[in-house]
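Below is start.tsv, holding TSV, C-alpha atoms.
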chain	number	residue	atom	x	y	z
A	596	MET	CA	18.76	-18.02	-12.90
A	597	ILE	CA	21.80	-15.74	-12.63
A	598	SER	CA	21.21	-12.12	-11.64
A	599	THR	CA	22.95	-9.49	-13.76
A	600	LEU	CA	22.42	-6.73	-11.21
A	601	SER	CA	23.74	-6.67	-7.67
A	602	PHE	CA	21.46	-5.64	-4.81
A	603	ALA	CA	21.70	-6.21	-1.09
A	604	ASP	CA	19.15	-8.69	0.20
A	605	ALA	CA	18.00	-6.14	2.78
A	606	PRO	CA	18.58	-2.45	3.37
A	607	SER	CA	21.41	-1.39	5.68
A	608	ARG	CA	20.37	-1.49	9.29
A	609	VAL	CA	19.56	1.97	10.57
A	610	GLU	CA	17.83	3.08	13.72
A	611	VAL	CA	14.08	3.47	13.27
A	612	ASN	CA	12.10	5.71	15.58
A	613	GLU	CA	8.38	5.04	15.94
A	614	HIS	CA	5.80	7.62	16.98
A	615	LEU	CA	2.02	7.41	17.51
A	616	LEU	CA	0.06	10.57	16.72
A	617	GLU	CA	-3.64	11.46	16.84
A	618	PRO	CA	-4.21	14.35	14.42
A	619	VAL	CA	-7.75	15.73	14.29
A	620	ASP	CA	-9.41	16.94	11.11
A	621	SER	CA	-11.56	19.71	12.56
A	622	ALA	CA	-13.43	20.18	9.27
A	623	ARG	CA	-14.80	16.65	9.58
A	624	SER	CA	-14.64	16.28	13.39
A	625	ARG	CA	-12.57	13.18	12.73
A	626	THR	CA	-9.39	11.79	14.23
A	627	VAL	CA	-7.00	9.96	11.91
A	628	PRO	CA	-4.53	8.02	14.11
A	629	ILE	CA	-1.15	7.42	12.50
A	630	LYS	CA	2.04	5.54	13.25
A	631	LEU	CA	5.30	7.02	12.00
A	632	TYR	CA	8.43	5.08	11.11
A	633	ILE	CA	11.31	7.57	10.92
A	634	PRO	CA	14.82	6.44	9.90
A	635	SER	CA	17.74	8.00	11.72
A	636	THR	CA	19.16	8.93	8.31
A	637	ALA	CA	16.36	11.45	7.69
A	638	SER	CA	17.40	15.01	8.50
A	639	GLU	CA	16.94	18.57	7.34
A	640	SER	CA	20.06	18.20	5.21
A	641	SER	CA	18.92	14.84	3.83
A	642	PRO	CA	15.11	14.67	3.85
A	643	ALA	CA	13.50	11.29	3.15
A	644	PRO	CA	10.72	10.43	0.70
A	645	VAL	CA	7.42	9.49	2.35
A	646	ILE	CA	5.29	6.36	1.98
A	647	LEU	CA	1.67	6.40	3.13
A	648	PHE	CA	0.02	3.09	4.06
A	649	SER	CA	-3.71	2.35	4.31
A	650	HIS	CA	-4.76	-0.80	6.19
A	651	GLY	CA	-7.38	-3.33	5.17
A	652	LEU	CA	-10.86	-3.75	6.59
A	653	GLY	CA	-10.71	-4.29	10.35
A	654	GLY	CA	-7.06	-3.30	10.61
A	655	SER	CA	-5.16	-0.50	12.28
A	656	ARG	CA	-2.06	1.69	12.11
A	657	MET	CA	-0.26	-1.08	13.98
A	658	ASN	CA	-0.54	-3.49	11.04
A	659	SER	CA	2.14	-4.40	8.49
A	660	VAL	CA	5.10	-3.65	10.75
A	661	TYR	CA	7.19	-5.84	8.45
A	662	LEU	CA	6.76	-3.15	5.78
A	663	GLY	CA	6.95	-0.06	7.98
A	664	ARG	CA	10.26	-1.00	9.53
A	665	HIS	CA	11.76	-2.36	6.31
A	666	TRP	CA	10.95	0.77	4.31
A	667	ALA	CA	12.29	2.97	7.10
A	668	GLU	CA	15.51	0.95	7.20
A	669	ALA	CA	15.77	1.68	3.47
A	670	GLY	CA	15.56	5.40	4.18
A	671	TYR	CA	11.85	6.14	3.78
A	672	ILE	CA	9.50	7.74	6.28
A	673	GLY	CA	6.48	5.48	6.74
A	674	VAL	CA	3.12	7.04	7.63
A	675	PHE	CA	0.67	4.28	8.55
A	676	MET	CA	-2.88	5.58	8.85
A	677	GLN	CA	-5.85	4.21	10.77
A	678	HIS	CA	-9.32	4.71	9.30
A	679	ILE	CA	-11.86	4.80	12.11
A	680	GLY	CA	-15.12	3.16	11.10
A	681	SER	CA	-13.44	0.50	8.96
A	682	ASP	CA	-10.69	-0.34	11.45
A	683	GLU	CA	-10.34	-2.80	14.32
A	684	SER	CA	-13.01	-0.94	16.28
A	685	VAL	CA	-15.72	-2.54	14.14
A	686	TRP	CA	-14.97	-6.04	15.42
A	687	LYS	CA	-13.29	-5.68	18.82
A	688	GLY	CA	-15.69	-6.69	21.57
A	689	VAL	CA	-18.19	-8.12	19.08
A	690	PRO	CA	-19.36	-11.73	19.65
A	691	ALA	CA	-17.49	-14.09	17.35
A	692	ARG	CA	-20.64	-15.08	15.47
A	693	GLU	CA	-21.29	-11.45	14.58
A	694	VAL	CA	-17.79	-10.42	13.49
A	695	MET	CA	-18.22	-11.13	9.78
A	696	THR	CA	-21.50	-9.21	9.68
A	697	ALA	CA	-19.84	-6.26	11.39
A	698	LEU	CA	-17.01	-6.31	8.88
A	699	ARG	CA	-19.38	-6.51	5.91
A	700	ASN	CA	-21.36	-3.57	7.25
A	701	ALA	CA	-18.15	-1.55	7.59
A	702	ALA	CA	-17.15	-2.20	3.97
A	703	SER	CA	-19.48	0.60	2.91
A	704	GLY	CA	-19.68	3.75	0.84
A	705	PRO	CA	-19.50	6.00	3.92
A	706	SER	CA	-16.37	4.18	5.10
A	707	LEU	CA	-14.72	4.68	1.72
A	708	LYS	CA	-15.71	8.36	1.73
A	709	ASP	CA	-14.02	8.73	5.13
A	710	ARG	CA	-10.88	7.13	3.74
A	711	GLN	CA	-10.95	9.40	0.68
A	712	GLY	CA	-10.82	12.34	3.07
A	713	ASP	CA	-8.27	10.84	5.44
A	714	VAL	CA	-5.42	10.68	2.93
A	715	PRO	CA	-5.37	14.32	1.75
A	716	PHE	CA	-5.87	15.43	5.35
A	717	VAL	CA	-2.77	13.50	6.42
A	718	ILE	CA	-0.73	14.94	3.54
A	719	ASP	CA	-1.85	18.45	4.57
A	720	ARG	CA	-0.83	17.73	8.14
A	721	LEU	CA	2.58	16.41	7.04
A	722	ALA	CA	3.20	19.74	5.31
A	723	GLN	CA	2.41	21.53	8.58
A	724	TRP	CA	4.63	19.25	10.64
A	725	GLN	CA	7.48	19.80	8.19
A	726	GLN	CA	7.58	23.41	9.42
A	727	GLU	CA	6.69	22.86	13.09
A	728	GLU	CA	9.49	23.43	15.56
A	729	GLY	CA	10.02	20.51	17.89
A	730	HIS	CA	8.02	18.04	15.82
A	731	PRO	CA	9.80	14.71	15.15
A	732	LEU	CA	9.20	15.23	11.40
A	733	LYS	CA	10.44	18.84	11.27
A	734	GLY	CA	12.41	19.28	8.04
A	735	LYS	CA	12.96	15.53	7.59
A	736	MET	CA	10.47	14.83	4.78
A	737	ASP	CA	10.88	15.10	1.02
A	738	LEU	CA	7.25	15.97	0.29
A	739	GLU	CA	7.94	16.24	-3.42
A	740	HIS	CA	8.17	12.45	-3.48
A	741	ILE	CA	5.31	10.61	-1.79
A	742	GLY	CA	4.20	7.03	-2.39
A	743	MET	CA	0.78	5.60	-1.56
A	744	SER	CA	0.20	1.97	-0.61
A	745	GLY	CA	-2.39	-0.27	0.95
A	746	HIS	CA	-3.79	-3.76	1.29
A	747	SER	CA	-7.35	-4.84	0.41
A	748	PHE	CA	-9.64	-1.95	1.48
A	749	GLY	CA	-6.38	-0.02	1.71
A	750	ALA	CA	-5.67	-0.89	-1.92
A	751	VAL	CA	-9.12	0.45	-2.80
A	752	THR	CA	-8.21	3.64	-0.94
A	753	SER	CA	-4.93	3.84	-2.87
A	754	GLN	CA	-6.71	3.25	-6.18
A	755	ASP	CA	-8.98	6.20	-5.46
A	756	MET	CA	-6.00	8.41	-4.61
A	757	MET	CA	-4.32	7.52	-7.91
A	758	GLY	CA	-7.42	8.56	-9.85
A	759	ARG	CA	-9.67	5.58	-10.47
A	760	LYS	CA	-12.66	6.84	-12.47
A	761	TYR	CA	-16.16	6.45	-11.10
A	762	PRO	CA	-19.38	7.04	-13.07
A	763	PHE	CA	-19.79	10.58	-14.39
A	764	ASN	CA	-15.96	10.88	-14.44
A	765	ARG	CA	-15.75	11.36	-10.69
A	766	SER	CA	-12.22	11.04	-9.35
A	767	PHE	CA	-10.53	11.49	-5.99
A	768	ALA	CA	-6.96	11.70	-7.25
A	769	ASP	CA	-4.43	13.58	-5.16
A	770	PRO	CA	-1.72	15.03	-7.45
A	771	ARG	CA	0.78	15.13	-4.59
A	772	LEU	CA	1.16	11.34	-4.79
A	773	ASP	CA	3.77	9.97	-7.18
A	774	ALA	CA	3.66	6.15	-7.19
A	775	PHE	CA	1.26	3.46	-5.98
A	776	LEU	CA	1.55	-0.02	-4.48
A	777	LEU	CA	-1.72	-1.99	-4.56
A	778	MET	CA	-1.83	-5.24	-2.58
A	779	SER	CA	-4.99	-7.21	-3.37
A	780	PRO	CA	-6.50	-4.55	-5.67
A	781	SER	CA	-10.15	-4.76	-6.72
A	782	LEU	CA	-12.75	-3.30	-9.06
A	783	SER	CA	-15.74	-1.18	-8.17
A	784	ARG	CA	-19.22	-2.18	-9.28
A	785	GLY	CA	-21.00	-0.65	-12.24
A	786	SER	CA	-17.99	0.00	-14.46
A	787	THR	CA	-15.38	-1.91	-16.44
A	788	ALA	CA	-11.74	-2.23	-15.44
A	789	GLU	CA	-10.74	-0.30	-18.56
A	790	ARG	CA	-13.05	2.57	-17.68
A	791	GLN	CA	-11.66	2.72	-14.16
A	792	PHE	CA	-7.92	2.33	-14.81
A	793	SER	CA	-6.89	2.66	-18.47
A	794	HIS	CA	-5.95	6.35	-18.07
A	795	ILE	CA	-3.60	5.97	-15.10
A	796	ALA	CA	-0.18	7.40	-16.03
A	797	ALA	CA	1.52	7.07	-12.62
A	798	PRO	CA	3.82	4.14	-11.78
A	799	VAL	CA	1.80	1.28	-10.25
A	800	LEU	CA	2.85	-2.01	-8.66
A	801	CYS	CA	0.05	-4.57	-8.22
A	802	MET	CA	0.45	-7.60	-5.94
A	803	THR	CA	-1.96	-10.50	-5.56
A	804	GLY	CA	-2.11	-14.30	-5.43
A	805	THR	CA	-3.87	-17.12	-7.25
A	806	LYS	CA	-6.02	-17.74	-4.15
A	807	ASP	CA	-6.49	-14.08	-3.19
A	808	ASP	CA	-10.25	-13.87	-2.80
A	809	SER	CA	-12.24	-11.67	-0.42
A	810	PRO	CA	-12.58	-12.92	3.17
A	811	ILE	CA	-15.99	-11.21	3.49
A	812	ASP	CA	-17.37	-11.72	-0.04
A	813	PRO	CA	-15.43	-14.34	-2.06
A	814	ASN	CA	-17.93	-14.20	-4.90
A	815	ARG	CA	-17.31	-10.52	-5.55
A	816	SER	CA	-13.52	-10.19	-5.38
A	817	THR	CA	-12.02	-13.28	-6.99
A	818	PRO	CA	-8.35	-13.92	-7.71
A	819	ASP	CA	-8.95	-13.28	-11.40
A	820	SER	CA	-10.92	-10.07	-10.85
A	821	ARG	CA	-8.03	-8.68	-8.81
A	822	ARG	CA	-5.74	-9.21	-11.80
A	823	GLU	CA	-8.08	-7.21	-14.03
A	824	VAL	CA	-6.70	-4.04	-12.45
A	825	TYR	CA	-3.21	-4.66	-13.83
A	826	ARG	CA	-4.57	-5.79	-17.19
A	827	ALA	CA	-6.49	-2.53	-17.57
A	828	LEU	CA	-3.58	-0.25	-16.71
A	829	PRO	CA	-1.84	1.36	-19.70
A	830	ILE	CA	1.69	0.54	-20.79
A	831	GLY	CA	4.47	2.36	-18.98
A	832	ASP	CA	5.88	1.82	-15.46
A	833	LYS	CA	3.30	-0.83	-14.51
A	834	PHE	CA	4.23	-4.04	-12.68
A	835	GLU	CA	2.51	-7.15	-11.32
A	836	LEU	CA	3.55	-9.78	-8.79
A	837	VAL	CA	1.33	-12.85	-8.43
A	838	PHE	CA	2.11	-15.51	-5.84
A	839	LYS	CA	1.17	-19.04	-6.81
A	840	ASP	CA	-1.33	-20.22	-4.16
A	841	GLY	CA	-0.98	-16.83	-2.43
A	842	GLU	CA	-4.01	-16.05	-0.27
A	843	HIS	CA	-5.39	-12.76	0.96
A	844	HIS	CA	-3.42	-12.78	4.20
A	845	ALA	CA	-0.08	-13.28	2.39
A	846	PHE	CA	0.31	-9.49	2.36
A	847	SER	CA	-0.61	-8.85	6.00
A	848	ASP	CA	0.80	-9.65	9.43
A	849	ALA	CA	-2.19	-11.81	10.31
A	850	THR	CA	-2.87	-15.44	9.53
A	851	ALA	CA	-6.43	-16.08	8.42
A	852	ARG	CA	-8.33	-18.73	10.36
A	853	GLY	CA	-9.05	-21.81	8.28
A	854	ARG	CA	-6.70	-20.82	5.47
A	855	GLY	CA	-3.35	-22.21	4.44
A	856	PRO	CA	-0.02	-20.98	5.83
A	857	ARG	CA	1.76	-17.99	4.33
A	858	LEU	CA	4.74	-19.27	2.35
A	859	PRO	CA	8.14	-18.38	3.80
A	860	HIS	CA	9.23	-16.28	0.81
A	861	HIS	CA	6.15	-14.04	0.63
A	862	HIS	CA	7.12	-11.25	3.01
A	863	GLY	CA	10.73	-11.16	1.84
A	864	ALA	CA	9.67	-10.85	-1.80
A	865	ILE	CA	7.14	-8.13	-0.95
A	866	GLN	CA	9.79	-6.18	0.97
A	867	LYS	CA	12.43	-6.52	-1.74
A	868	ILE	CA	10.26	-5.71	-4.74
A	869	SER	CA	8.33	-2.88	-3.09
A	870	THR	CA	11.54	-1.20	-1.90
A	871	GLU	CA	13.09	-1.31	-5.36
A	872	PHE	CA	9.83	0.11	-6.74
A	873	TRP	CA	10.02	3.03	-4.31
A	874	ASN	CA	13.70	3.51	-5.15
A	875	ALA	CA	12.83	3.66	-8.83
A	876	TYR	CA	9.95	6.11	-8.61
A	877	LEU	CA	10.52	8.12	-5.44
A	878	ARG	CA	14.30	8.40	-5.87
A	879	ASP	CA	14.57	8.09	-9.66
A	880	ASP	CA	17.07	5.26	-9.23
A	881	GLN	CA	17.84	4.04	-12.74
A	882	LYS	CA	19.42	0.83	-11.47
A	883	SER	CA	16.21	-0.08	-9.67
A	884	LYS	CA	14.15	0.74	-12.77
A	885	SER	CA	16.31	-1.57	-14.87
A	886	TRP	CA	16.07	-4.31	-12.26
A	887	LEU	CA	12.27	-4.11	-12.10
A	888	GLN	CA	12.12	-4.64	-15.86
A	889	SER	CA	14.21	-7.80	-15.83
A	890	SER	CA	13.99	-11.47	-14.99
A	891	SER	CA	16.54	-10.85	-12.23
A	892	VAL	CA	13.58	-10.09	-9.96
A	893	GLU	CA	12.62	-13.76	-9.90
A	894	HIS	CA	16.01	-14.78	-8.52
A	895	ASP	CA	16.83	-11.80	-6.33
A	896	ALA	CA	13.40	-11.69	-4.66
A	897	GLY	CA	13.34	-15.44	-4.08
A	898	LEU	CA	10.28	-16.17	-6.22
A	899	ILE	CA	9.39	-19.82	-6.75
A	900	ASP	CA	8.05	-21.81	-9.69
A	901	GLY	CA	4.53	-20.66	-10.48
A	902	ASP	CA	4.97	-17.12	-9.13
A	903	VAL	CA	4.53	-14.46	-11.80
A	904	TRP	CA	6.54	-11.27	-12.27
A	905	GLN	CA	5.67	-9.09	-15.25
A	906	TRP	CA	5.77	-5.47	-16.38
A	907	LYS	CA	4.61	-3.28	-19.23
Take the structure in the file and write it out as structure tokens.
Amino acid sequence: MISTLSFADAPSRVEVNEHLLEPVDSARSRTVPIKLYIPSTASESSPAPVILFSHGLGGSRMNSVYLGRHWAEAGYIGVFMQHIGSDESVWKGVPAREVMTALRNAASGPSLKDRQGDVPFVIDRLAQWQQEEGHPLKGKMDLEHIGMSGHSFGAVTSQDMMGRKYPFNRSFADPRLDAFLLMSPSLSRGSTAERQFSHIAAPVLCMTGTKDDSPIDPNRSTPDSRREVYRALPIGDKFELVFKDGEHHAFSDATARGRGPRLPHHHGAIQKISTEFWNAYLRDDQKSKSWLQSSSVEHDAGLIDGDVWQWK
């Protein structure tokens, strides 16, 4: 397939500075550790759009470095959050035979509630740091353009921030967020996909695989149920990438024990497509918007036979 649009295979190399911070939400007596990826191109004269990232169950702010550095090299400030209570602390030091039970117990309503509070807290804190003399983020952020992303439990967190509807029309949407990347999205119990997602107007990119089940409950989150999220979204700035034989760990740094290898093109395709998505909807790049709505994606992102790229 011949591409009609010309894009670099990777963003220009720029210096990326990494910082670990431990902001405390005094209202909840809760620390939300974060890792920052700050490109050297970000400055008070040229502030950078911001991308928040929420890790999956049992993860940490140190996960998905392949995305944090890539997005920063493309000129975005990455803010990778750690959600205590559904992070690596739930399994570290636990006997191997008890790890899955610990993870299942952490995939709870209270953990999700904590995450629902973590994201707006971090955005509030970013606004403070934007004005704080001596802070590494001082004046460098374009807080009018913020993306939200996550994998697995982090996708659930992102879905809530974009306004997924719960019973009695409950919603946790944060209007300061502009576009959403959902890797391994899923449905909540007790409601249809249409009820949860058919009203979402914001740009959304869903990514999954034909073998993307749940490591802790494969009967609940199946590969097909993950695709119901995209199907339920309304027409307009909605996109879906599906890797043939892609498993749950295709989107993470880790390799799942007992599962097949991640295919060589997975991370490159995720980097390429997600960056063009952010360019389109955090920078209003018309070239990127046109590219996303074309078959050129299949060639330029290195997709293989059986992978699916679609939009509506």
| task | Work out how far apart CA of Trp886 in chain A and CA of Glu871 in chain A are and give it in Å to one decimal. | result | 8.1 Å
| said: Could you check the closest approach to Ser638 in chain A for each of A:Ser703, A:Thr870, A:Gln725, A:Thr696 and tell me which residue wins, using only C-alpha atoms? | reply: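 Once distances to Ser638 in chain A are computed over only C-alpha atoms, the minimum belongs to A:Gln725.
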| said: Set the distance at 8 Å and use all atoms listed in the file: which residues neighbour range 646-663 of chain A once local chain neighbours fewer than 5 positions away are removed? I'd like the list as a PyMOL selection string. | reply: chain A and resi 628-630+632+671-678+681-686+698+701-702+741-750+752-753+847-848+862+866
| query | Hey, what's within 7 Å of range 804-818 of chain A if we count all atoms listed in the file and toss same-chain stuff fewer than 2 positions away? As a VMD selection string, please? | reply | chain A and resid 695 699 781 820 to 822 837 to 843
Create the file for the chosen residues now, containing C-alpha atoms and written as a PDB file, in the coordinates of the input.
ATOM      1  CA  MET A 695     -18.220 -11.130   9.780  1.00  0.00           C
ATOM      2  CA  ARG A 699     -19.380  -6.510   5.910  1.00  0.00           C
ATOM      3  CA  SER A 781     -10.150  -4.760  -6.720  1.00  0.00           C
ATOM      4  CA  SER A 820     -10.920 -10.070 -10.850  1.00  0.00           C
ATOM      5  CA  ARG A 821      -8.030  -8.680  -8.810  1.00  0.00           C
ATOM      6  CA  ARG A 822      -5.740  -9.210 -11.800  1.00  0.00           C
ATOM      7  CA  VAL A 837       1.330 -12.850  -8.430  1.00  0.00           C
ATOM      8  CA  PHE A 838       2.110 -15.510  -5.840  1.00  0.00           C
ATOM      9  CA  LYS A 839       1.170 -19.040  -6.810  1.00  0.00           C
ATOM     10  CA  ASP A 840      -1.330 -20.220  -4.160  1.00  0.00           C
ATOM     11  CA  GLY A 841      -0.980 -16.830  -2.430  1.00  0.00           C
ATOM     12  CA  GLU A 842      -4.010 -16.050  -0.270  1.00  0.00           C
ATOM     13  CA  HIS A 843      -5.390 -12.760   0.960  1.00  0.00           C
TER      14      HIS A 843
END
| said: So the first atom is CA of Arg878 in chain A and the second is CA of Leu800 in chain A; what is the distance between them in Å, to one decimal place? | reply: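 Separation of CA of Arg878 in chain A and CA of Leu800 in chain A: 15.7 Å.
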| request: Check the smallest atom-to-atom distance from each of A:Ile865, A:Ile899, A:Val799, A:Ala774 to Asp879 in chain A using all atoms listed in the file, then report the winner. | output: A:Ala774
